[in-house]
Amino acid sequence: MLQCTAVTETPYEEAFDALDDMKGGPNDPETQLAYKAHLLCELGEHTDDVQHAAHLWIAEDPAESLWFLWTMGGAHVINHQFATLTMCPARLIDVPNGNRDWCNYFEGHPHDHSFRVTDPLRDLLSERARAEAQRLISEDDADDSREEC
């Protein structure tokens with residue numbers, strides 16, 4: 001399933017207050033929000049009767065997270081709220097490879113778990129980052145071998 005593509009502007013003052021008031025919230029909500037001028041729905045594709053959801057923060061104790069939930073009417077947000085929700089307990093265990101993936105959504109979320117949702121743009125950017133890292137490592141290795149001569 002592909003990720004939902006809904007995006008909205010972050011209501012900064014409300015987000016700051018929600019992070020500042022959250023038990024186990026960040027020490028510096030302003031820094032946490034510095035790069036979140038817009039929020040992308042993290043859920044899998046869904047119908048208009050399901051709220052969009054973007055994750056803002058997870059507290060370690062208790063394992064609750066702050067989410068921004070919103071509904072759209074055309075190109076405009078009609079309703080929104082900040083909610084502190086418990087994380088989904090679902091996990092995917094790949095015994096042969098020894099991998100575990102936890103769902104990154106809130107408990108009771110609609111539709112598929114996060115490990116079943118793909119984001120083609122994120123995948124493309126990750127691949128480009130890996131290729132660039134490999135290129136830089138190769139350059140470093142080449143520089144090291146020239147220095148040894």
# chains A, B, ... in the order shown; residues from 1 in each chain; ligands from 1
>>> residues_around(residues="segment 44-55 of chain A", least_positions_apart="6", cutoff="6 Å", atoms="only C-alpha atoms", output="list of chain:residue names")
A:Leu2, A:Gln3, A:Cys4, A:Trp67, A:Phe68, A:Leu69, A:Trp70, A:Thr71, A:Val117
>>> write_last_selection(atoms="N, CA and C atoms", output="PDB file, in the first residue's frame")
ATOM      1  N   LEU A   2       0.540   2.250  -0.794  1.00  0.00           N
ATOM      2  CA  LEU A   2       1.302   3.491  -0.851  1.00  0.00           C
ATOM      3  C   LEU A   2       0.898   4.423   0.287  1.00  0.00           C
ATOM      4  N   GLN A   3       1.807   5.306   0.656  1.00  0.00           N
ATOM      5  CA  GLN A   3       1.535   6.284   1.706  1.00  0.00           C
ATOM      6  C   GLN A   3       0.594   7.354   1.175  1.00  0.00           C
ATOM      7  N   CYS A   4      -0.252   7.885   2.046  1.00  0.00           N
ATOM      8  CA  CYS A   4      -1.131   9.005   1.716  1.00  0.00           C
ATOM      9  C   CYS A   4      -0.266  10.213   1.372  1.00  0.00           C
ATOM     10  N   TRP A  67       0.433  13.191  18.094  1.00  0.00           N
ATOM     11  CA  TRP A  67       0.026  13.164  16.690  1.00  0.00           C
ATOM     12  C   TRP A  67      -0.805  14.392  16.366  1.00  0.00           C
ATOM     13  N   PHE A  68      -0.677  14.848  15.133  1.00  0.00           N
ATOM     14  CA  PHE A  68      -1.538  15.888  14.594  1.00  0.00           C
ATOM     15  C   PHE A  68      -2.512  15.183  13.663  1.00  0.00           C
ATOM     16  N   LEU A  69      -3.791  15.291  13.953  1.00  0.00           N
ATOM     17  CA  LEU A  69      -4.840  14.655  13.155  1.00  0.00           C
ATOM     18  C   LEU A  69      -5.652  15.754  12.479  1.00  0.00           C
ATOM     19  N   TRP A  70      -5.981  15.548  11.190  1.00  0.00           N
ATOM     20  CA  TRP A  70      -6.743  16.564  10.493  1.00  0.00           C
ATOM     21  C   TRP A  70      -7.601  15.963   9.390  1.00  0.00           C
ATOM     22  N   THR A  71      -8.636  16.714   9.021  1.00  0.00           N
ATOM     23  CA  THR A  71      -9.470  16.364   7.876  1.00  0.00           C
ATOM     24  C   THR A  71      -9.430  17.533   6.898  1.00  0.00           C
ATOM     25  N   VAL A 117       3.289  -0.097   4.480  1.00  0.00           N
ATOM     26  CA  VAL A 117       3.069   1.118   3.687  1.00  0.00           C
ATOM     27  C   VAL A 117       4.398   1.558   3.094  1.00  0.00           C
TER      28      VAL A 117
END
>>> select_by_dssp(residues="segment 11-142 of chain A", states="strand (DSSP E or B)", output="count of residues only")
43
>>> atom_distance(atom1="atom CA of His80 of chain A", atom2="atom CA of Asn104 of chain A")
20.5 Å
>>> select_by_dssp(residues="chain A", states="alpha helix (DSSP H)", output="PyMOL selection string")
chain A and resi 12-21+29-33+120-148
>>> closest_residue(among="A:Ala6, A:Trp102, A:Ala131, A:Leu85", to="Leu40 of chain A", atoms="only C-alpha atoms")
A:Ala6
>>> residues_around(residues="Gly108 of chain A", least_positions_apart="2", cutoff="12 Å", atoms="only C-alpha atoms", output="ChimeraX atom specification")
/A:85-90,103-106,110-113
